[in-house]
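What follows is a short report on a single structure.
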Amino acid sequence: MAHRWKNTLNDMDVTPEAAFLNRRQMIAGVAAGVGLSLAAQRARAEALEPNEWGDITTYNNYYEFGTDKGDPARNARMLTVRPWTVTIDGLVDRPGDYAFDEIMAQMTIEERLYRFRCVEAWSMVVPWNGFELADLLSLAGVQSGAKYVAFETLLRPDEMPGVRYPVLDWPYVEGLRLDEAMHPLTIMATGIYGRDIPNQNGAPLRLVVPWKYGFKSIKSVVRITLTEKEPPTSWNKANAREYGFYSNVNPQVDHPRWSQATERQIGGGLFSARVPTLMFNGYGEEVAGLYAGMDLKRNF
(Lines give C-alpha, C1' and ligand atoms only; values in the text may rest on other atoms or scores of the structure.)
Protein backbone atom coordinates (compact mmCIF):
# COMPACT_ATOMS: atom_id res chain seq x y z
CA MET A 1 0.00 0.00 0.00
CA ALA A 2 3.01 2.30 0.17
CA HIS A 3 3.21 5.34 -2.12
CA ARG A 4 -0.59 5.64 -2.40
CA TRP A 5 -0.37 9.35 -1.58
CA LYS A 6 1.67 11.48 -3.95
CA ASN A 7 3.40 14.40 -2.28
CA THR A 8 3.75 16.95 -5.07
CA LEU A 9 6.98 18.57 -3.91
CA ASN A 10 8.80 20.67 -6.44
CA ASP A 11 12.28 19.21 -5.94
CA MET A 12 14.09 15.94 -5.30
CA ASP A 13 12.33 13.33 -3.21
CA VAL A 14 15.19 13.31 -0.72
CA THR A 15 17.28 16.39 0.00
CA PRO A 16 19.61 17.56 2.78
CA GLU A 17 18.18 19.72 5.55
CA ALA A 18 19.78 22.86 4.14
CA ALA A 19 18.14 22.27 0.80
CA PHE A 20 14.81 21.78 2.55
CA LEU A 21 15.10 25.15 4.21
CA ASN A 22 16.11 27.02 1.07
CA ARG A 23 14.41 25.31 -1.82
CA ARG A 24 11.55 22.93 -1.06
CA GLN A 25 7.86 23.76 -1.18
CA MET A 26 4.77 21.60 -1.15
CA ILE A 27 1.79 22.00 -3.49
CA ALA A 28 -1.10 20.75 -1.36
CA GLY A 29 -4.70 19.92 -2.10
CA VAL A 30 -7.04 22.90 -2.07
CA ALA A 31 -8.88 23.14 1.25
CA ALA A 32 -12.63 23.18 1.74
CA GLY A 33 -14.14 26.64 2.18
CA VAL A 34 -12.91 28.69 5.12
CA GLY A 35 -13.57 32.16 3.78
CA LEU A 36 -10.50 32.24 1.50
CA SER A 37 -10.71 32.46 -2.27
CA LEU A 38 -9.59 29.47 -4.30
CA ALA A 39 -6.53 31.38 -5.48
CA ALA A 40 -5.66 32.47 -1.95
CA GLN A 41 -5.94 28.92 -0.63
CA ARG A 42 -3.69 27.60 -3.39
CA ALA A 43 -1.13 30.35 -2.81
CA ARG A 44 -1.12 29.58 0.91
CA ALA A 45 -0.47 25.90 0.25
CA GLU A 46 2.28 26.53 -2.30
CA ALA A 47 4.10 28.93 0.05
CA LEU A 48 4.75 26.26 2.67
CA GLU A 49 8.31 25.47 3.68
CA PRO A 50 9.37 23.15 6.49
CA ASN A 51 10.28 24.55 9.87
CA GLU A 52 13.86 24.38 11.01
CA TRP A 53 15.05 21.41 13.04
CA GLY A 54 15.30 23.61 16.13
CA ASP A 55 11.67 24.72 15.88
CA ILE A 56 10.41 21.18 15.48
CA THR A 57 12.49 19.64 18.26
CA THR A 58 12.33 22.31 20.98
CA TYR A 59 8.70 23.46 20.84
CA ASN A 60 6.67 20.43 21.86
CA ASN A 61 3.73 19.16 23.84
CA TYR A 62 4.65 15.86 25.47
CA TYR A 63 3.22 16.13 28.96
CA GLU A 64 4.88 12.95 30.17
CA PHE A 65 8.03 15.09 30.25
CA GLY A 66 6.48 18.32 31.53
CA THR A 67 3.90 20.90 30.55
CA ASP A 68 6.24 23.67 29.38
CA LYS A 69 7.01 23.69 25.64
CA GLY A 70 10.72 23.28 26.37
CA ASP A 71 10.35 20.49 28.96
CA PRO A 72 10.30 17.58 26.47
CA ALA A 73 13.60 18.65 24.89
CA ARG A 74 15.16 19.00 28.35
CA ASN A 75 13.77 15.83 29.91
CA ALA A 76 13.13 13.29 27.15
CA ARG A 77 16.82 12.37 26.91
CA MET A 78 16.08 10.03 29.83
CA LEU A 79 13.77 7.92 27.67
CA THR A 80 15.11 4.52 26.56
CA VAL A 81 13.87 3.72 23.05
CA ARG A 82 15.89 0.57 22.25
CA PRO A 83 14.78 -2.14 22.31
CA TRP A 84 11.15 -1.27 21.52
CA THR A 85 8.11 -3.47 21.07
CA VAL A 86 4.60 -2.65 19.88
CA THR A 87 1.78 -4.93 20.99
CA ILE A 88 -0.92 -5.31 18.33
CA ASP A 89 -4.05 -7.02 19.58
CA GLY A 90 -7.82 -7.05 19.54
CA LEU A 91 -9.61 -7.87 16.29
CA VAL A 92 -6.56 -8.93 14.29
CA ASP A 93 -5.53 -12.24 12.75
CA ARG A 94 -1.96 -12.14 14.03
CA PRO A 95 -1.91 -10.58 17.49
CA GLY A 96 1.39 -10.34 19.27
CA ASP A 97 4.39 -8.28 20.28
CA TYR A 98 6.08 -6.79 17.23
CA ALA A 99 9.69 -5.69 17.62
CA PHE A 100 10.37 -2.25 16.19
CA ASP A 101 13.26 -3.49 14.03
CA GLU A 102 11.09 -6.29 12.63
CA ILE A 103 8.37 -3.79 11.77
CA MET A 104 10.86 -1.51 10.04
CA ALA A 105 12.24 -4.37 7.98
CA GLN A 106 8.81 -4.92 6.43
CA MET A 107 7.70 -1.32 5.92
CA THR A 108 8.38 1.11 3.07
CA ILE A 109 9.69 4.37 4.52
CA GLU A 110 8.46 7.48 2.75
CA GLU A 111 9.01 11.19 3.15
CA ARG A 112 5.92 13.25 3.97
CA LEU A 113 5.97 17.04 4.22
CA TYR A 114 2.90 17.83 6.31
CA ARG A 115 1.30 20.79 7.98
CA PHE A 116 1.00 20.33 11.75
CA ARG A 117 -1.78 22.25 13.55
CA CYS A 118 -2.01 22.28 17.34
CA VAL A 119 -5.33 22.74 19.12
CA GLU A 120 -3.63 25.64 20.90
CA ALA A 121 -3.80 27.57 17.60
CA TRP A 122 -0.15 27.37 16.55
CA SER A 123 1.24 25.51 13.57
CA MET A 124 4.38 24.37 11.81
CA VAL A 125 5.40 22.32 8.77
CA VAL A 126 7.28 19.08 9.44
CA PRO A 127 9.20 16.84 7.00
CA TRP A 128 8.36 13.42 8.47
CA ASN A 129 9.79 10.05 7.50
CA GLY A 130 7.62 7.03 8.12
CA PHE A 131 5.26 4.43 6.73
CA GLU A 132 1.53 4.21 6.21
CA LEU A 133 -0.32 2.89 9.23
CA ALA A 134 -2.44 0.84 6.85
CA ASP A 135 0.59 -1.30 6.02
CA LEU A 136 1.24 -2.09 9.68
CA LEU A 137 -2.41 -2.96 10.28
CA SER A 138 -2.39 -5.19 7.22
CA LEU A 139 0.68 -6.94 8.60
CA ALA A 140 -1.35 -7.86 11.69
CA GLY A 141 -4.45 -8.73 9.65
CA VAL A 142 -7.54 -6.61 10.34
CA GLN A 143 -10.66 -8.66 11.05
CA SER A 144 -14.04 -7.79 9.58
CA GLY A 145 -15.54 -6.73 12.91
CA ALA A 146 -12.97 -4.01 13.54
CA LYS A 147 -14.29 -0.45 13.32
CA TYR A 148 -11.79 1.52 15.40
CA VAL A 149 -8.09 1.58 16.21
CA ALA A 150 -6.92 2.40 19.74
CA PHE A 151 -3.39 3.55 20.58
CA GLU A 152 -1.45 3.69 23.84
CA THR A 153 1.71 5.58 24.78
CA LEU A 154 4.54 4.18 26.85
CA LEU A 155 4.19 4.72 30.60
CA ARG A 156 7.54 4.61 32.35
CA PRO A 157 7.48 6.85 35.46
CA ASP A 158 11.19 6.50 36.22
CA GLU A 159 11.97 8.06 32.83
CA MET A 160 8.97 10.35 32.48
CA PRO A 161 8.93 13.00 35.24
CA GLY A 162 5.67 14.54 34.02
CA VAL A 163 3.55 11.52 34.95
CA ARG A 164 4.13 12.31 38.64
CA TYR A 165 1.41 14.91 38.18
CA PRO A 166 -2.26 14.10 37.40
CA VAL A 167 -2.42 16.29 34.31
CA LEU A 168 -4.10 13.39 32.53
CA ASP A 169 -5.15 9.85 33.31
CA TRP A 170 -1.94 8.03 32.34
CA PRO A 171 -1.07 6.26 30.11
CA TYR A 172 -1.96 8.56 27.22
CA VAL A 173 -4.45 6.94 24.85
CA GLU A 174 -5.91 7.91 21.49
CA GLY A 175 -8.09 6.45 18.77
CA LEU A 176 -9.24 6.67 15.18
CA ARG A 177 -12.02 5.21 13.12
CA LEU A 178 -10.71 2.37 10.99
CA ASP A 179 -11.22 4.29 7.73
CA GLU A 180 -9.22 7.20 9.14
CA ALA A 181 -6.45 4.85 10.22
CA MET A 182 -6.33 3.19 6.80
CA HIS A 183 -6.26 6.48 4.89
CA PRO A 184 -2.99 6.97 2.96
CA LEU A 185 -2.30 10.29 4.71
CA THR A 186 -2.14 8.55 8.10
CA ILE A 187 1.41 7.48 8.90
CA MET A 188 3.56 6.12 11.68
CA ALA A 189 6.50 8.51 11.78
CA THR A 190 9.98 7.21 12.55
CA GLY A 191 12.07 10.22 11.55
CA ILE A 192 12.30 13.93 10.81
CA TYR A 193 14.53 15.38 8.08
CA GLY A 194 15.79 11.86 7.40
CA ARG A 195 17.13 11.46 10.95
CA ASP A 196 15.71 9.19 13.65
CA ILE A 197 12.81 10.92 15.33
CA PRO A 198 13.99 12.61 18.58
CA ASN A 199 12.64 11.43 21.90
CA GLN A 200 10.75 14.68 22.49
CA ASN A 201 8.91 14.23 19.19
CA GLY A 202 7.72 10.72 20.03
CA ALA A 203 10.58 8.29 19.43
CA PRO A 204 10.80 5.74 18.12
CA LEU A 205 7.30 5.51 16.62
CA ARG A 206 4.47 8.05 16.63
CA LEU A 207 1.20 8.48 14.82
CA VAL A 208 0.75 11.44 12.43
CA VAL A 209 -2.74 12.37 11.22
CA PRO A 210 -2.23 15.72 9.46
CA TRP A 211 -5.86 16.82 9.13
CA LYS A 212 -6.47 16.52 12.88
CA TYR A 213 -5.22 18.59 15.80
CA GLY A 214 -1.79 17.52 16.96
CA PHE A 215 -2.84 15.82 20.19
CA LYS A 216 -4.42 13.06 18.07
CA SER A 217 -0.94 12.15 16.79
CA ILE A 218 0.00 10.04 19.80
CA LYS A 219 3.71 9.63 20.60
CA SER A 220 5.94 6.67 21.58
CA VAL A 221 3.30 4.07 20.76
CA VAL A 222 3.50 0.73 22.57
CA ARG A 223 0.06 -0.75 21.88
CA ILE A 224 -2.37 -0.75 18.96
CA THR A 225 -5.73 -2.41 19.48
CA LEU A 226 -8.41 -3.08 16.87
CA THR A 227 -11.87 -2.82 18.38
CA GLU A 228 -15.54 -2.74 17.48
CA LYS A 229 -16.34 0.10 19.88
CA GLU A 230 -15.09 3.68 19.92
CA PRO A 231 -12.08 3.76 22.25
CA PRO A 232 -11.56 6.32 25.02
CA THR A 233 -9.09 9.13 24.32
CA SER A 234 -7.10 11.02 26.93
CA TRP A 235 -8.13 14.61 26.30
CA ASN A 236 -11.75 13.67 25.72
CA LYS A 237 -11.77 11.85 29.06
CA ALA A 238 -10.22 14.89 30.72
CA ASN A 239 -12.66 17.43 29.23
CA ALA A 240 -15.21 16.21 26.69
CA ARG A 241 -16.64 19.71 26.24
CA GLU A 242 -13.34 20.98 24.87
CA TYR A 243 -11.89 17.90 23.11
CA GLY A 244 -13.99 15.67 20.91
CA PHE A 245 -13.15 12.22 19.59
CA TYR A 246 -12.65 13.38 16.01
CA SER A 247 -10.68 16.59 16.64
CA ASN A 248 -10.55 17.49 12.96
CA VAL A 249 -9.05 20.90 12.27
CA ASN A 250 -12.11 23.09 11.76
CA PRO A 251 -11.79 26.88 11.85
CA GLN A 252 -15.57 27.16 12.27
CA VAL A 253 -15.60 25.33 15.62
CA ASP A 254 -13.91 27.36 18.33
CA HIS A 255 -12.29 25.87 21.36
CA PRO A 256 -14.40 27.09 24.30
CA ARG A 257 -11.48 29.25 25.45
CA TRP A 258 -10.13 30.57 22.13
CA SER A 259 -10.88 30.93 18.43
CA GLN A 260 -9.69 28.34 15.92
CA ALA A 261 -10.20 30.67 12.94
CA THR A 262 -6.53 31.67 12.79
CA GLU A 263 -3.16 30.27 13.84
CA ARG A 264 0.32 31.44 14.78
CA GLN A 265 3.04 29.92 12.62
CA ILE A 266 6.06 28.84 14.64
CA GLY A 267 9.28 30.27 13.25
CA GLY A 268 7.58 33.34 11.80
CA GLY A 269 8.97 35.76 14.35
CA LEU A 270 7.48 37.53 17.36
CA PHE A 271 5.51 40.05 15.32
CA SER A 272 4.40 37.83 12.44
CA ALA A 273 0.72 38.07 11.56
CA ARG A 274 -1.66 35.23 12.33
CA VAL A 275 -2.94 33.36 9.28
CA PRO A 276 -6.35 31.82 8.55
CA THR A 277 -6.72 28.19 9.54
CA LEU A 278 -7.67 25.86 6.69
CA MET A 279 -10.48 23.35 6.99
CA PHE A 280 -9.02 19.88 7.64
CA ASN A 281 -5.66 21.71 7.90
CA GLY A 282 -5.60 22.03 4.11
CA TYR A 283 -6.27 18.34 3.38
CA GLY A 284 -9.96 18.66 2.63
CA GLU A 285 -9.63 17.39 -0.93
CA GLU A 286 -8.25 14.11 0.40
CA VAL A 287 -10.30 13.53 3.56
CA ALA A 288 -13.60 15.44 3.45
CA GLY A 289 -15.33 12.38 2.02
CA LEU A 290 -14.67 10.49 5.25
CA TYR A 291 -17.17 12.74 6.99
CA ALA A 292 -19.91 13.03 4.37
CA GLY A 293 -23.28 13.53 6.04
CA MET A 294 -21.80 14.31 9.46
CA ASP A 295 -22.42 17.56 11.30
CA LEU A 296 -18.83 18.60 11.93
CA LYS A 297 -19.92 21.26 14.40
CA ARG A 298 -21.47 18.59 16.61
CA ASN A 299 -19.10 15.71 15.81
CA PHE A 300 -16.00 17.76 16.55
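Residue numbering restarts at 1 for every chain of the C-alpha coordinates, chains are lettered A, B, ... in their displayed order, and ligands are numbered from 1 as they appear.
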
Among the residues of range 126-275 of chain A, find those DSSP assigns to strand (DSSP E) from the backbone and print them as a PyMOL selection string. chain A and resi 126-132+148-153+173-177+187-192+195-196+206-208+221-227+262-265+275

DSSP on the backbone, helix (DSSP H, G or I) only: what residues of range 180-279 of chain A does that give? Format it as a list in words.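 Across range 180-279 of chain A, those assigned helix (DSSP H, G or I) are Glu180, Ala181, Asn199, Gln200, Asn201, Gly214, Phe215, Lys216, Ser234, Trp235, Asn236, Lys237, Ala238 and Met279 of chain A.
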
List the neighbours of Leu168 in chain A out to 8 Å using only C-alpha atoms; skip same-chain residues closer than 5 positions along the sequence, and give me the result as a VMD selection string. chain A and resid 234 to 235 238

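When only C-alpha atoms are used to measure the gap to Ala2 in chain A, the shortest distance among A:Ser138, A:Thr225, A:Thr108, A:Thr190 belongs to A:Thr108.
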
Top pick for closest residue to Tyr243 in chain A, considering A:Arg94, A:Lys212, A:Arg264, A:Arg195 and counting only C-alpha atoms: A:Lys212

From the set A:Trp122, A:Trp84, A:Phe280, A:Tyr148, which residue has the shortest atom-to-atom contact distance to Val249 in chain A, counting only C-alpha atoms?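 With only C-alpha atoms as the atom set, the closest residue is A:Phe280.
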
So that I can see what lies close to Ser247 in chain A, please list as a count of residues only the residues with an atom at most 9 Å from it, counting only C-alpha atoms and leaving out residues fewer than 3 positions away in the same chain. 12

Rank nothing, just name the residue among A:Thr186, A:Thr153, A:Thr262, A:Ser123 nearest to Leu137 in chain A, using only C-alpha atoms. A:Thr186

Mind checking which residues fall within 6 Å of Met124 in chain A, counting only C-alpha atoms, ignoring those fewer than 5 positions away in the same chain, and posting them as an MDAnalysis selection string? chainID A and resid 116 265:266

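For the pair CA of Gly191 in chain A and CA of Leu270 in chain A, the separation is 28.3 Å.
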